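With JSON, C-alpha atoms inside, this is protein22.json:
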```json
[["chain", "number", "residue", "atom", "x", "y", "z"],
["A", 243, "MET", "CA", 98.24, 107.46, 104.89],
["A", 244, "ILE", "CA", 100.89, 109.28, 102.92],
["A", 245, "GLN", "CA", 100.49, 110.80, 99.47],
["A", 246, "ILE", "CA", 103.73, 111.67, 97.69],
["A", 247, "GLY", "CA", 103.18, 113.99, 94.74],
["A", 248, "ALA", "CA", 99.81, 115.25, 95.96],
["A", 249, "ASN", "CA", 99.75, 118.08, 93.39],
["A", 250, "ASP", "CA", 96.77, 120.39, 94.07],
["A", 251, "GLY", "CA", 94.92, 117.54, 95.78],
["A", 252, "LYS", "CA", 91.89, 117.42, 93.52],
["A", 253, "TYR", "CA", 92.72, 116.35, 90.00],
["A", 254, "GLU", "CA", 94.64, 113.76, 88.01],
["A", 255, "TYR", "CA", 94.36, 115.15, 84.52],
["A", 256, "SER", "CA", 95.37, 112.03, 82.60],
["A", 257, "LYS", "CA", 92.78, 109.80, 84.29],
["A", 258, "GLU", "CA", 89.38, 109.17, 82.76],
["A", 259, "SER", "CA", 87.54, 110.61, 85.77],
["A", 260, "GLY", "CA", 89.99, 113.51, 86.13],
["A", 261, "LYS", "CA", 89.80, 113.20, 89.92],
["A", 262, "ASP", "CA", 92.23, 112.23, 92.64],
["A", 263, "PHE", "CA", 90.35, 109.64, 94.73],
["A", 264, "ILE", "CA", 92.33, 110.52, 97.88],
["A", 265, "PHE", "CA", 90.57, 113.90, 98.09],
["A", 266, "ASP", "CA", 87.06, 112.41, 98.28],
["A", 267, "PHE", "CA", 88.16, 109.48, 100.44],
["A", 268, "LEU", "CA", 89.55, 111.78, 103.13],
["A", 269, "LEU", "CA", 86.52, 114.05, 102.89],
["A", 270, "THR", "CA", 84.16, 111.16, 103.63],
["A", 271, "ASN", "CA", 86.47, 109.45, 106.16],
["A", 272, "PRO", "CA", 87.52, 112.21, 108.58],
["A", 273, "TYR", "CA", 89.04, 109.76, 111.08],
["A", 274, "TRP", "CA", 91.92, 109.01, 108.69],
["A", 275, "GLN", "CA", 95.15, 110.93, 109.28],
["A", 276, "ALA", "CA", 97.21, 111.93, 106.26],
["A", 277, "VAL", "CA", 100.55, 113.37, 105.22],
["A", 278, "LEU", "CA", 100.36, 115.14, 101.85],
["A", 279, "VAL", "CA", 103.67, 115.84, 100.13],
["A", 280, "GLU", "CA", 104.09, 118.29, 97.23],
["A", 281, "PRO", "CA", 107.42, 119.94, 96.26],
["A", 282, "ILE", "CA", 106.29, 122.78, 93.94],
["A", 283, "PRO", "CA", 105.60, 125.89, 96.10],
["A", 284, "SER", "CA", 102.78, 127.37, 94.01],
["A", 285, "VAL", "CA", 101.00, 124.02, 93.71],
["A", 286, "PHE", "CA", 101.59, 123.36, 97.41],
["A", 287, "THR", "CA", 99.68, 126.56, 98.21],
["A", 288, "GLU", "CA", 96.73, 125.35, 96.13],
["A", 289, "LEU", "CA", 96.89, 121.95, 97.83],
["A", 290, "LYS", "CA", 96.45, 123.47, 101.28],
["A", 291, "LYS", "CA", 93.67, 125.73, 100.03],
["A", 292, "ASN", "CA", 91.76, 122.85, 98.43],
["A", 293, "TYR", "CA", 91.91, 120.80, 101.63],
["A", 294, "SER", "CA", 90.74, 123.64, 103.87],
["A", 295, "GLN", "CA", 87.28, 122.07, 104.38],
["A", 296, "HIS", "CA", 88.55, 118.62, 105.36],
["A", 297, "LYS", "CA", 88.20, 117.60, 109.01],
["A", 298, "ASN", "CA", 91.06, 115.10, 108.94],
["A", 299, "GLN", "CA", 94.31, 115.59, 110.80],
["A", 300, "ILE", "CA", 96.48, 116.46, 107.81],
["A", 301, "ALA", "CA", 100.15, 117.41, 107.66],
["A", 302, "PHE", "CA", 101.27, 119.29, 104.54],
["A", 303, "VAL", "CA", 104.90, 118.87, 103.50],
["A", 304, "ASN", "CA", 106.54, 121.11, 100.88],
["A", 305, "ASN", "CA", 109.36, 118.73, 99.91],
["A", 306, "ALA", "CA", 110.20, 116.08, 97.37],
["A", 307, "ILE", "CA", 110.95, 112.55, 98.53],
["A", 308, "THR", "CA", 114.23, 111.05, 97.33],
["A", 309, "GLU", "CA", 116.80, 108.69, 98.79],
["A", 310, "ARG", "CA", 118.50, 111.35, 100.93],
["A", 311, "THR", "CA", 118.37, 114.93, 102.19],
["A", 312, "GLU", "CA", 119.46, 117.10, 99.29],
["A", 313, "THR", "CA", 118.51, 119.90, 96.91],
["A", 314, "ARG", "CA", 117.68, 118.83, 93.37],
["A", 315, "GLU", "CA", 116.61, 120.46, 90.14],
["A", 316, "LEU", "CA", 113.00, 119.72, 89.20],
["A", 317, "GLU", "CA", 111.75, 120.30, 85.68],
["A", 318, "ILE", "CA", 108.23, 121.73, 85.91],
["A", 319, "SER", "CA", 105.91, 121.13, 82.98],
["A", 320, "GLY", "CA", 102.33, 120.17, 82.27],
["A", 321, "LYS", "CA", 99.13, 121.67, 83.58],
["A", 322, "GLU", "CA", 99.73, 123.03, 87.11],
["A", 323, "GLY", "CA", 103.03, 121.19, 87.25],
["A", 324, "LYS", "CA", 101.35, 117.80, 86.93],
["A", 325, "ASN", "CA", 104.03, 116.49, 84.61],
["A", 326, "SER", "CA", 107.06, 117.66, 86.60],
["A", 327, "SER", "CA", 109.94, 115.24, 86.93],
["A", 328, "PHE", "CA", 113.53, 114.75, 88.06],
["A", 329, "PHE", "CA", 114.13, 112.80, 84.86],
["A", 330, "LYS", "CA", 114.91, 114.17, 81.43],
["A", 331, "ARG", "CA", 112.18, 112.81, 79.20],
["A", 332, "PRO", "CA", 112.60, 111.40, 75.69],
["A", 333, "GLN", "CA", 111.61, 113.98, 73.07],
["A", 334, "SER", "CA", 108.93, 111.65, 71.67],
["A", 335, "LEU", "CA", 107.31, 111.42, 75.11],
["A", 336, "ILE", "CA", 107.54, 115.17, 75.69],
["A", 337, "GLY", "CA", 105.73, 115.80, 72.41],
["A", 338, "LYS", "CA", 102.98, 113.36, 73.32],
["A", 339, "ILE", "CA", 102.53, 114.90, 76.77],
["A", 340, "ARG", "CA", 102.35, 118.43, 75.39],
["A", 341, "SER", "CA", 99.78, 117.32, 72.85],
["A", 342, "ILE", "CA", 97.61, 115.80, 75.58],
["A", 343, "LEU", "CA", 97.95, 118.65, 78.06],
["A", 344, "LYS", "CA", 98.19, 121.50, 75.54],
["A", 345, "HIS", "CA", 100.70, 123.15, 77.82],
["A", 346, "ASN", "CA", 104.19, 123.97, 76.55],
["A", 347, "ASN", "CA", 105.67, 125.97, 79.42],
["A", 348, "LYS", "CA", 108.68, 124.37, 81.05],
["A", 349, "ILE", "CA", 110.89, 125.78, 83.79],
["A", 350, "LYS", "CA", 113.37, 124.38, 86.27],
["A", 351, "ILE", "CA", 113.46, 125.06, 90.00],
["A", 352, "ASN", "CA", 115.48, 123.74, 92.90],
["A", 353, "VAL", "CA", 113.46, 121.79, 95.45],
["A", 354, "ASN", "CA", 114.35, 120.57, 98.92],
["A", 355, "CYS", "CA", 114.31, 116.79, 99.19],
["A", 356, "ILE", "CA", 114.13, 114.50, 102.19],
["A", 357, "SER", "CA", 114.19, 110.73, 102.54],
["A", 358, "TYR", "CA", 111.17, 108.65, 103.47],
["A", 359, "ASN", "CA", 112.72, 107.87, 106.85],
["A", 360, "GLU", "CA", 113.24, 111.57, 107.52],
["A", 361, "LEU", "CA", 109.65, 112.33, 106.52],
["A", 362, "CYS", "CA", 108.35, 109.75, 108.99],
["A", 363, "SER", "CA", 110.67, 111.04, 111.71],
["A", 364, "ILE", "CA", 109.67, 114.70, 111.23],
["A", 365, "GLN", "CA", 105.97, 113.78, 111.27],
["A", 366, "ASN", "CA", 106.49, 111.41, 114.22],
["A", 367, "LEU", "CA", 104.82, 108.57, 112.35],
["A", 368, "LYS", "CA", 104.71, 105.24, 114.13],
["A", 369, "GLU", "CA", 102.76, 103.32, 111.51],
["A", 370, "VAL", "CA", 101.76, 103.79, 107.86],
["A", 371, "ASP", "CA", 98.82, 101.87, 106.39],
["A", 372, "PHE", "CA", 98.65, 103.18, 102.84],
["A", 373, "ILE", "CA", 100.86, 105.18, 100.51],
["A", 374, "LYS", "CA", 100.07, 106.71, 97.12],
["A", 375, "ILE", "CA", 102.90, 107.93, 94.91],
["A", 376, "ASP", "CA", 102.73, 110.02, 91.75],
["A", 377, "ALA", "CA", 106.29, 111.18, 91.16],
["A", 378, "GLU", "CA", 106.45, 111.05, 87.35],
["A", 379, "GLY", "CA", 108.87, 108.19, 86.94],
["A", 380, "TYR", "CA", 110.49, 108.36, 90.38],
["A", 381, "ASP", "CA", 107.75, 106.28, 92.01],
["A", 382, "GLU", "CA", 109.51, 102.93, 92.04],
["A", 383, "ILE", "CA", 112.77, 104.41, 93.32],
["A", 384, "ILE", "CA", 110.80, 105.81, 96.26],
["A", 385, "ILE", "CA", 109.12, 102.45, 96.86],
["A", 386, "GLU", "CA", 112.46, 100.66, 96.95],
["A", 387, "SER", "CA", 113.76, 103.19, 99.48],
["A", 388, "ILE", "CA", 110.66, 102.57, 101.62],
["A", 389, "LEU", "CA", 111.25, 98.82, 101.52],
["A", 390, "HIS", "CA", 114.75, 99.39, 102.90],
["A", 391, "THR", "CA", 113.54, 101.12, 106.07],
["A", 392, "ASP", "CA", 114.47, 99.27, 109.24],
["A", 393, "GLN", "CA", 111.09, 100.02, 110.85],
["A", 394, "SER", "CA", 108.59, 97.48, 109.57],
["A", 395, "ASN", "CA", 105.59, 99.49, 110.83],
["A", 396, "LEU", "CA", 106.51, 102.23, 108.35],
["A", 397, "ILE", "CA", 106.23, 99.85, 105.39],
["A", 398, "PRO", "CA", 102.56, 100.07, 104.37],
["A", 399, "LYS", "CA", 100.36, 97.10, 103.59],
["A", 400, "VAL", "CA", 99.10, 98.90, 100.48],
["A", 401, "PHE", "CA", 101.13, 100.76, 97.84],
["A", 402, "PHE", "CA", 99.49, 102.68, 95.01],
["A", 403, "TRP", "CA", 101.74, 104.20, 92.36],
["A", 404, "GLU", "CA", 101.93, 105.39, 88.79],
["A", 405, "LYS", "CA", 103.67, 102.81, 86.64],
["A", 406, "ASN", "CA", 106.49, 104.16, 84.51],
["A", 407, "THR", "CA", 106.36, 102.16, 81.28],
["A", 408, "HIS", "CA", 110.02, 102.99, 80.63],
["A", 409, "THR", "CA", 111.24, 101.01, 83.67],
["A", 410, "ASN", "CA", 111.48, 97.27, 84.22],
["A", 411, "ASN", "CA", 109.41, 95.22, 86.67],
["A", 412, "THR", "CA", 112.09, 94.93, 89.37],
["A", 413, "CYS", "CA", 110.00, 96.84, 91.91],
["A", 414, "GLU", "CA", 106.94, 94.67, 91.31],
["A", 415, "GLU", "CA", 109.07, 91.54, 91.62],
["A", 416, "LYS", "CA", 110.49, 92.71, 94.94],
["A", 417, "LEU", "CA", 107.02, 93.48, 96.27],
["A", 418, "SER", "CA", 105.75, 90.08, 95.11],
["A", 419, "ASN", "CA", 108.63, 88.36, 96.88],
["A", 420, "LEU", "CA", 107.66, 90.20, 100.07],
["A", 421, "GLY", "CA", 104.11, 88.85, 99.93],
["A", 422, "TYR", "CA", 102.31, 91.61, 98.00],
["A", 423, "HIS", "CA", 99.77, 90.94, 95.25],
["A", 424, "ILE", "CA", 99.96, 93.34, 92.29],
["A", 425, "PHE", "CA", 96.82, 94.72, 90.61],
["A", 426, "LEU", "CA", 96.24, 97.04, 87.64],
["A", 427, "SER", "CA", 94.41, 100.33, 88.16],
["A", 428, "GLY", "CA", 94.10, 103.87, 86.81],
["A", 429, "LEU", "CA", 92.39, 103.50, 83.45],
["A", 430, "ASN", "CA", 93.37, 106.52, 81.37],
["A", 431, "LYS", "CA", 91.62, 108.21, 78.46],
["A", 432, "SER", "CA", 93.46, 105.95, 76.01],
["A", 433, "GLY", "CA", 92.20, 102.79, 77.68],
["A", 434, "ASN", "CA", 95.50, 101.87, 79.33],
["A", 435, "TYR", "CA", 96.09, 101.08, 83.01],
["A", 436, "MET", "CA", 98.58, 103.64, 84.30],
["A", 437, "ASP", "CA", 98.77, 102.59, 87.94],
["A", 438, "ARG", "CA", 99.70, 99.61, 90.07],
["A", 439, "VAL", "CA", 98.33, 98.60, 93.45],
["A", 440, "ALA", "CA", 100.29, 96.28, 95.73],
["A", 441, "ILE", "CA", 98.33, 94.75, 98.62],
["A", 442, "HIS", "CA", 100.00, 92.56, 101.20],
["A", 443, "SER", "CA", 98.61, 89.04, 101.54],
["A", 444, "SER", "CA", 98.13, 89.55, 105.29],
["A", 445, "ILE", "CA", 95.13, 91.82, 104.66],
["A", 446, "LEU", "CA", 93.60, 90.02, 101.68]]
```
Rendering of file as structure tokens:
Amino acid sequence: MIQIGANDGKYEYSKESGKDFIFDFLLTNPYWQAVLVEPIPSVFTELKKNYSQHKNQIAFVNNAITERTETRELEISGKEGKNSSFFKRPQSLIGKIRSILKHNNKIKINVNCISYNELCSIQNLKEVDFIKIDAEGYDEIIIESILHTDQSNLIPKVFFWEKNTHTNNTCEEKLSNLGYHIFLSGLNKSGNYMDRVAIHSSIL
């Protein structure tokens, strides 16, 4: 499995449970191999520390995933960088986020980015079963880049991502056309479903 935007590995602050289910899943399923991707250096250090007791074969990658190899400016905000994004957010949304997280600090750093294909090549991945993405609005761009890979074994049967309500449903339509079924997930504290799960019909 691959997790893009792994943060510190343990928490998803906007979710009702406050927990990242990947952490417990890997802890109780040590035979699963994982690649955990987190671009913010300080958070990346915490990620590795939090996973120190896991028995899985885990590769930690301190990069962001974009369409190409590049260096980009990342705006860091939110508790422990949880709300960091490549996108400039509408002021109304920023105010709402700050109110929820009670965290007003915001800085910008340059992060090294690699493509999904490059990630798989560096990690020598031959097959990917599951991918979880939490990239604060960049999720569906990453998914579309994954769908364009020429190695079908690297396109997972299950996608799990945070739905950006400010984008259209083009990504979901493309996945549906490729034989995926879309489900709602990630009930937040306001009673809304923040996430989408796409499962290919071949494993349903």
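The two atoms in question, atom CA of A:Asn298 and atom CA of A:Ile244, are spaced 12.9 Å apart.
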(request) Around the point (98.5, 90.0, 105.3) in the file's coordinates, collect all residues with an atom within 9 Å, using only C-alpha atoms, and return them as a ChimeraX atom specification. (result) /A:399,421-422,441-446
(message) What's the separation between atom CA of A:Cys355 and atom CA of A:Asp381, in Å to one decimal place?
(response)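 Atom-to-atom, atom CA of A:Cys355 and atom CA of A:Asp381 are spaced 14.3 Å apart.
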(message) Restricting the calculation to only C-alpha atoms: of A:Thr391, A:Thr287, A:Ser363, A:Asn249, which residue gets closest to A:Lys261?
(response)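 Nearest to A:Lys261: A:Asn249.
You will find atom CA of A:Asn395 at 8.4 Å from atom CA of A:Asp371.
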(request) Between A:Phe401, A:Tyr380, A:Tyr293, A:Phe302, single out the one closest to A:Leu361, counting all atoms listed in the file. (result) A:Phe302
(message) When you count all atoms listed in the file, which of these residues is closest to A:Leu367: A:Ile246, A:Ile384, A:Ile397, A:Asn271?
(response)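 Between A:Ile246, A:Ile384, A:Ile397, A:Asn271, the residue approaching A:Leu367 most closely is A:Ile397.
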(request) Would you please work out which residue, of A:Gln299, A:Asn411, A:Ser427, A:Asn419, is nearest to A:Glu382 when using all atoms listed in the file? (result) A:Asn411
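Proximity ranking of A:Asp392, A:Asp250, A:Glu312, A:Glu360 relative to A:Pro283 places A:Asp250 first, based on only C-alpha atoms.
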(request) Find the spatial neighbours of A:Glu404, counting all atoms listed in the file, within a cut-off of 12 Å - ignore same-chain residues fewer than 6 positions away - and output them as a VMD selection string. (result) chain A and resid 246 to 247 254 256 to 257 373 to 385 425 to 430 434 to 440
(request) Give me the residues within 12 Å of A:Ala248 as an MDAnalysis selection string, counting all atoms listed in the file and dropping any in the same chain fewer than 6 places off. (result) chainID A and resid 254 261:265 276:282 285:290 292:293 301:307 322:324 373:378 403
Which centre and which edge lengths, in Å to one decimal, describe the axis-aligned box that holds all listed atoms of stretch 293-307 of chain A after 5 Å is added on each side, as AutoDock Vina command-line options?
```
--center_x 99.1 --center_y 118.1 --center_z 104.1 --size_x 33.7 --size_y 21.1 --size_z 23.4
```
(request) Check the smallest atom-to-atom distance from each of A:Leu417, A:Leu396, A:Ile351, A:Leu389 to A:Lys368 using only C-alpha atoms, then report the winner. (result)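 The answer is A:Leu396, which sits nearest to A:Lys368.
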